[in-house]
Every structure is written in C-alpha cells, then in structure tokens.
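Let me begin by presenting the structure, written as structure tokens, before commenting on it.
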Amino acid sequence: MKVEVLGAGGGVAPGCDSISLLLDGKVLLDAGTGAFRIPLDVAAGIADVVLTHSHMDHTVALCFLADNHAGLGTMRVHCLEETANAVREGFFNDRIWPNMENIRVEGKPMVQFKRIEKMRRKMRVGKTALTPFPVDHPVPTLGYCLHGEKETLPVITDLWDASAETWKWLAKQKNIRRIVIETSFPDGLETVARASGHLTPAVLQQRVEEHLPADWEVLCCHIKPRSAKEVRRQIKNRLGKRVSILKQGAVLHL
Ligand SMILES: [Zn+2]
Ligand SMILES: [Zn+2]
C-alpha cells in the first residue's frame with residue numbers, strides 16, 4: 001500500500017496541514033486541510049473517503065471534495081454513524097453547505113455515507129484493506145490498521161486512551177513494526193491536552209510503554225504547529241531513537 005501524507009498536523013499554519021492520508025491514490029483517510037492540495041485529476045479518481053471522527057480538522061475538506069466530484073459519481077464516506085450524523089448536522093445542513101446526500105446527478109446521490117459497524121474486523125474499501133478500532137477521544141473516534149503487502153500500520157490520529165481490550169488486541173496484531181500516533185501538545189499544556197482528549201509527550205510515553213511492543217517504532221502526528229519544536233524535543237528526550245515525526249509530504253510504502 002502506498003500512503004501519501006498530505007497533512008499530518010494537529011492544526012493549520014503555513015507548511016502545516018491537518019490530517020489527510022491518500023491510500024493507493026484512491027482512498028482518502030480523513031479530509032483535513034491536506035486534502036485541499038490534491039490536484040483535480042487525482043481528486044477525480046477518489047470516490048471513497050474514510051473518516052476517523054467528526055472533528056473539523058479531519059472533515060473540513062469533505063464539502064469541497066464532494067463539490068469537485070460533481071458529475072463523476074457518488075462520493076462514498078465511510079465512518080461511524082455518529083460521525084455521519086455530526087457531518088450532516090454540521091456541514092450538509094442546507095445552511096453551511098447544501099445537503100449533498102439529497103442532490104442527485106443522473107439518479108445518484110453526490111454523497112453517500114457508509115456506516116462502519118464492526119470493530120476490529122478487516123474491511124475493504126475498493127482494493128484497500130483496513131481494520132477499524134475504537135479509541136477514546138471526546139467524540140466517537142476510530143483508529144485504523146492499514147494492511148499493506150509487507151506491513152500493517154496502525155494509525156491513531158486523535159487519542160486520549162483506549163480500552164484495555166483494544167490495547168491488548170492491537171499489541172497482538174501481526175506484521176506491525178511501527179505505529180502512527182498522535183502527540184498534540186507539549187508537556188506544559190497537559191491540562192489543555194487532557195481537556196481536549198489529546199496526548200502530551202509524557203502521556204505518549206506512558207501509553208507506549210504500558211501497551212505497545214518494545215520493538216515498534218513510533219511515528220508522531222497531529223502536533224500543534226505552534227508547539228512543534230518543543231513537542232519534537234520532548235518526545236526525543238522521552239522515547240529516544242524509537243520515535244520520529246510523520247512529516248507532511250512523506251510517502252510510506254507498506
Ligand atoms: Zn479530534
Ligand atoms: Zn484532530
């Protein structure tokens with residue numbers, strides 16, 4: 001699987017876009033501001049968007065992606081029912097944006113939500129294989145294991161914690177050598193991190209050392225742009241060589 005990192009940030013600033021990963025050139029994992037930079041000819045080939053959760057830094061590009069897709073068939077949005085309802089109420093409400101589920105082109109809706117119900121079960125979106133699993137964040141949120149030929153990569157973009165059952169399940173999965181996981185705020189802002197359901201380097205270290213196999217590399221994402229340098233320094237101090245940053249523009253081959 002080819003994973004193009006269009007955006008990896010926990011916020012938006014020049015050079016820093018919010019989360020959006022393009023899988024095999026066809027499936028978008030989250031529609032953060034990174035998705036605004038997809039060339040039109042590439043966007044025309046993207047008919048499936050998979051969402052982790054409803055927060056705007058992961059969904060803001062949906063309206064424009066679907067708009068650009070008009071006349072090219074239905075854009076399918078795969079997510080939890082709660083996420084679909086939040087996007088319907090927040091964006092596709094005929095006030096902020098037209099209700100694209102109700103607009104039909106040649107009999108087909110512009111947008112269709114596909115509910116993800118089964119947790120920890122492999123699913124396919126086109127040819128792309130992913131396994132969703134629930135994590136704790138202020139709204140219902142999923143992490144995904146991305147299954148490549150050579151490697152399975154867990155991606156957790158937003159996290160405070162997960163159930164003991166999920167951590168145990170994750171640690172047992174085969175073919176994993178690295179994990180993408182968030183670290184939004186520096187240690188000095190733990191109150192903000194905790195209140196908004198995010199990790200600091202100190203809490204990342206706890207989660208990693210308590211729940212994940214010691215030989216997994218850790219790729220941090222979702223860092224707040226203003227705190228990026230400080231977070232980078234703190235995670236290196238805490239986790240040393242096993243940790244690095246998931247950079248915008250990176251391409252991973254799984
Ligand atoms: Zn979030
Ligand atoms: Zn986020």
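Letters for chains follow the order of the structure tokens (A, B, ...), residue numbers begin at 1 for each chain, and ligand numbers begin at 1 in the order shown.
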Next on the checklist: Show me which residues are within 10 Å of ligand 2 counting only C-alpha atoms and all ligand atoms, and format the list as a ChimeraX atom specification.
Outcome noted: /A:8-11,18-19,30,32,52-59,137,156-159,182,184,196-198,221-224
Problem - For Ala70 in chain A: contacts at 10 Å, only C-alpha atoms, fewer than 5 positions along chain excluded, given as a PyMOL selection string - result: chain A and resi 44+65+75+100+103-105+109-111
Fill in: Contact residues around Lys122 in chain A with only C-alpha atoms at 8 Å, ignoring same-chain residues under 3 positions, as a ChimeraX atom specification
/A:129-132
- What's the 10 Å shell around range 232-235 of chain A, counting only C-alpha atoms, without same-chain residues fewer than 5 positions away, as a list in words? Thr183, Pro186, Asp187, Thr200, Pro201, Ala202, Leu204, Gln205, Val218, Cys220, Ile223, Ser227, Gly240, Lys241, Arg242, Val243, Ser244 and Ile245 of chain A
Generate a file of the selected residues that holds N, CA and C atoms, formatted as a PDB file, in the first residue's frame.
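This went into part18.pdb:
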```pdb
ATOM      1  N   THR A 183       0.568  13.125  19.095  1.00  0.00           N
ATOM      2  CA  THR A 183       1.103  13.808  20.278  1.00  0.00           C
ATOM      3  C   THR A 183       0.859  15.283  20.016  1.00  0.00           C
ATOM      4  N   PRO A 186       2.646  20.063  24.037  1.00  0.00           N
ATOM      5  CA  PRO A 186       3.838  19.844  24.872  1.00  0.00           C
ATOM      6  C   PRO A 186       3.430  19.546  26.321  1.00  0.00           C
ATOM      7  N   ASP A 187       4.375  19.010  27.081  1.00  0.00           N
ATOM      8  CA  ASP A 187       4.072  18.617  28.468  1.00  0.00           C
ATOM      9  C   ASP A 187       3.497  19.766  29.307  1.00  0.00           C
ATOM     10  N   THR A 200       0.236  14.326  25.407  1.00  0.00           N
ATOM     11  CA  THR A 200       1.482  15.091  25.503  1.00  0.00           C
ATOM     12  C   THR A 200       2.611  14.059  25.411  1.00  0.00           C
ATOM     13  N   PRO A 201       3.860  14.490  25.256  1.00  0.00           N
ATOM     14  CA  PRO A 201       4.953  13.515  25.240  1.00  0.00           C
ATOM     15  C   PRO A 201       4.973  12.621  26.489  1.00  0.00           C
ATOM     16  N   ALA A 202       4.693  13.189  27.661  1.00  0.00           N
ATOM     17  CA  ALA A 202       4.707  12.371  28.892  1.00  0.00           C
ATOM     18  C   ALA A 202       3.630  11.291  28.841  1.00  0.00           C
ATOM     19  N   LEU A 204       2.157  10.164  26.088  1.00  0.00           N
ATOM     20  CA  LEU A 204       2.527   9.254  24.998  1.00  0.00           C
ATOM     21  C   LEU A 204       3.461   8.166  25.531  1.00  0.00           C
ATOM     22  N   GLN A 205       4.478   8.599  26.281  1.00  0.00           N
ATOM     23  CA  GLN A 205       5.440   7.641  26.831  1.00  0.00           C
ATOM     24  C   GLN A 205       4.737   6.593  27.700  1.00  0.00           C
ATOM     25  N   VAL A 218       7.762   4.468  16.707  1.00  0.00           N
ATOM     26  CA  VAL A 218       6.639   5.378  16.957  1.00  0.00           C
ATOM     27  C   VAL A 218       6.787   6.595  16.043  1.00  0.00           C
ATOM     28  N   CYS A 220       5.107  10.090  15.273  1.00  0.00           N
ATOM     29  CA  CYS A 220       4.141  11.019  15.865  1.00  0.00           C
ATOM     30  C   CYS A 220       3.502  11.913  14.822  1.00  0.00           C
ATOM     31  N   ILE A 223       0.702  17.058  15.705  1.00  0.00           N
ATOM     32  CA  ILE A 223       1.350  18.017  16.608  1.00  0.00           C
ATOM     33  C   ILE A 223       0.820  19.414  16.298  1.00  0.00           C
ATOM     34  N   SER A 227       3.563  24.504  18.725  1.00  0.00           N
ATOM     35  CA  SER A 227       4.375  23.792  19.729  1.00  0.00           C
ATOM     36  C   SER A 227       5.275  22.737  19.113  1.00  0.00           C
ATOM     37  N   GLY A 240      13.577   8.589  22.773  1.00  0.00           N
ATOM     38  CA  GLY A 240      14.857   8.358  22.093  1.00  0.00           C
ATOM     39  C   GLY A 240      14.718   7.975  20.638  1.00  0.00           C
ATOM     40  N   LYS A 241      15.529   6.977  20.248  1.00  0.00           N
ATOM     41  CA  LYS A 241      15.643   6.625  18.831  1.00  0.00           C
ATOM     42  C   LYS A 241      14.385   5.982  18.254  1.00  0.00           C
ATOM     43  N   ARG A 242      13.542   5.409  19.110  1.00  0.00           N
ATOM     44  CA  ARG A 242      12.387   4.684  18.546  1.00  0.00           C
ATOM     45  C   ARG A 242      11.303   5.634  18.034  1.00  0.00           C
ATOM     46  N   VAL A 243      11.456   6.938  18.295  1.00  0.00           N
ATOM     47  CA  VAL A 243      10.404   7.878  17.898  1.00  0.00           C
ATOM     48  C   VAL A 243      10.872   8.814  16.785  1.00  0.00           C
ATOM     49  N   SER A 244       9.992   9.091  15.839  1.00  0.00           N
ATOM     50  CA  SER A 244      10.246  10.130  14.837  1.00  0.00           C
ATOM     51  C   SER A 244       8.918  10.807  14.489  1.00  0.00           C
ATOM     52  N   ILE A 245       9.012  11.774  13.582  1.00  0.00           N
ATOM     53  CA  ILE A 245       7.820  12.573  13.241  1.00  0.00           C
ATOM     54  C   ILE A 245       7.297  12.124  11.883  1.00  0.00           C
TER      55      ILE A 245
END
```
DSSP-assigned strand (DSSP E) among range 16-57 of chain A, expressed as a CSV table (one decimal) with N, CA and C atoms, in the first residue's frame:
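Contents of states.csv, freshly written:
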```
chain,number,residue,atom,x,y,z
A,20,SER,N,-4.7,14.2,6.6
A,20,SER,CA,-5.3,13.6,5.4
A,20,SER,C,-4.2,12.7,4.8
A,21,LEU,N,-4.5,11.4,4.6
A,21,LEU,CA,-3.6,10.5,4.0
A,21,LEU,C,-4.3,9.9,2.8
A,22,LEU,N,-3.5,9.8,1.7
A,22,LEU,CA,-4.1,9.2,0.5
A,22,LEU,C,-3.5,7.8,0.4
A,23,LEU,N,-4.4,6.9,0.3
A,23,LEU,CA,-4.1,5.4,0.3
A,23,LEU,C,-4.2,4.9,-1.1
A,27,VAL,N,-8.1,6.2,-2.1
A,27,VAL,CA,-8.9,6.3,-0.9
A,27,VAL,C,-8.3,7.3,0.1
A,28,LEU,N,-9.1,8.2,0.5
A,28,LEU,CA,-8.6,9.3,1.4
A,28,LEU,C,-8.9,8.9,2.8
A,29,LEU,N,-7.9,8.9,3.7
A,29,LEU,CA,-8.2,8.7,5.1
A,29,LEU,C,-8.1,10.0,5.8
A,48,ASP,N,-13.8,7.4,-2.5
A,48,ASP,CA,-14.0,6.9,-1.1
A,48,ASP,C,-13.2,7.7,-0.1
A,49,VAL,N,-13.9,8.2,0.9
A,49,VAL,CA,-13.2,8.9,2.0
A,49,VAL,C,-13.6,8.1,3.3
A,50,VAL,N,-12.5,7.8,4.0
A,50,VAL,CA,-12.7,7.1,5.3
A,50,VAL,C,-12.4,8.1,6.4
```
Helix (DSSP H, G or I) positions in range 197-235 of chain A, given as a list in words
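Here is the list: Pro201, Ala202, Val203, Leu204, Gln205, Gln206, Arg207, Val208, Glu209, Glu210, His211, Pro225, Arg226, Ser227, Ala228, Lys229, Glu230, Val231, Arg232, Arg233, Gln234 and Ile235 of chain A.
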Counting only C-alpha atoms, the residue among A:Glu4, A:Asp161, A:Gly45, A:Ala61 that lies closest to Leu246 in chain A is A:Glu4
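For the set A:Asn102, A:Asn68, A:Thr166, A:Asn85, the residue with the smallest atom-to-atom gap to Arg120 in chain A is A:Thr166, counting only C-alpha atoms.
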Selection: 12 Å around Glu82 in chain A, only C-alpha atoms, excl. self and same-chain fewer than 3 positions, as a list of chain:residue names: A:Leu51, A:Thr52, A:His53, A:Ser54, A:His55, A:His78, A:Cys79, A:Asn85, A:Ala86, A:Val87, A:Arg88, A:Glu89, A:Gly90, A:Phe113, A:Lys114, A:Arg115, A:Ile116, A:Glu117, A:Val139, A:Pro140, A:Thr141, A:Leu142
Write out the residues from the selection above, keeping C-alpha atoms, as a PDB file, in the first residue's frame.
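Final file, again-v7.pdb:
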```
ATOM      1  CA  LEU A  51     -13.097   9.170   8.464  1.00  0.00           C
ATOM      2  CA  THR A  52     -11.633   8.718  11.933  1.00  0.00           C
ATOM      3  CA  HIS A  53     -14.124  11.095  13.566  1.00  0.00           C
ATOM      4  CA  SER A  54     -16.175  14.234  13.045  1.00  0.00           C
ATOM      5  CA  HIS A  55     -13.815  16.970  14.260  1.00  0.00           C
ATOM      6  CA  HIS A  78     -17.134   5.509   5.329  1.00  0.00           C
ATOM      7  CA  CYS A  79     -17.450   6.293   9.034  1.00  0.00           C
ATOM      8  CA  ASN A  85     -24.735  12.476  11.806  1.00  0.00           C
ATOM      9  CA  ALA A  86     -22.305  15.141  13.011  1.00  0.00           C
ATOM     10  CA  VAL A  87     -21.182  15.898   9.424  1.00  0.00           C
ATOM     11  CA  ARG A  88     -24.822  16.013   8.296  1.00  0.00           C
ATOM     12  CA  GLU A  89     -25.745  18.422  11.096  1.00  0.00           C
ATOM     13  CA  GLY A  90     -22.554  20.493  10.938  1.00  0.00           C
ATOM     14  CA  PHE A 113     -22.461   7.650   3.986  1.00  0.00           C
ATOM     15  CA  LYS A 114     -21.421   4.022   4.506  1.00  0.00           C
ATOM     16  CA  ARG A 115     -21.698   3.064   8.148  1.00  0.00           C
ATOM     17  CA  ILE A 116     -18.755   1.304   9.812  1.00  0.00           C
ATOM     18  CA  GLU A 117     -20.204  -1.025  12.435  1.00  0.00           C
ATOM     19  CA  VAL A 139     -16.353  12.245  20.234  1.00  0.00           C
ATOM     20  CA  PRO A 140     -16.709   8.674  18.896  1.00  0.00           C
ATOM     21  CA  THR A 141     -13.368   8.029  17.162  1.00  0.00           C
ATOM     22  CA  LEU A 142     -11.637   5.249  15.260  1.00  0.00           C
TER      23      LEU A 142
END
```
The distance between CA of Val3 in chain A and CA of Leu252 in chain A is 5.0 Å
note - CA of His147 in chain A and CA of Gly25 in chain A are separated by 14.9 Å
ask   = Pick the closest to Val60 in chain A from A:Leu80, A:Gly148, A:Asp41, A:Trp97: which is it, counting only C-alpha atoms?
value =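 Among the listed residues, the smallest separation from Val60 in chain A belongs to A:Trp97.
Residue nearest ligand 1, chosen from A:Asp24, A:Asp136, A:Glu101, A:Glu209 and counting only C-alpha atoms and all ligand atoms: A:Asp136.
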Got a sec: who's within 7 Å of Val155 in chain A, counting only C-alpha atoms, leaving out chain neighbours fewer than 5 positions off, as a ChimeraX atom specification?
/A:143-145,179-181
Atom pair CA of Glu106 in chain A + CA of Gly73 in chain A, distance 8.7 Å
**Prompt:** Which residue out of A:Gln173, A:Ala228, A:Gly249, A:Pro138 has the minimum interatomic distance to ligand 1 when only C-alpha atoms and all ligand atoms are used?
**Reply:**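 For ligand 1, the nearest of the candidates is A:Pro138.
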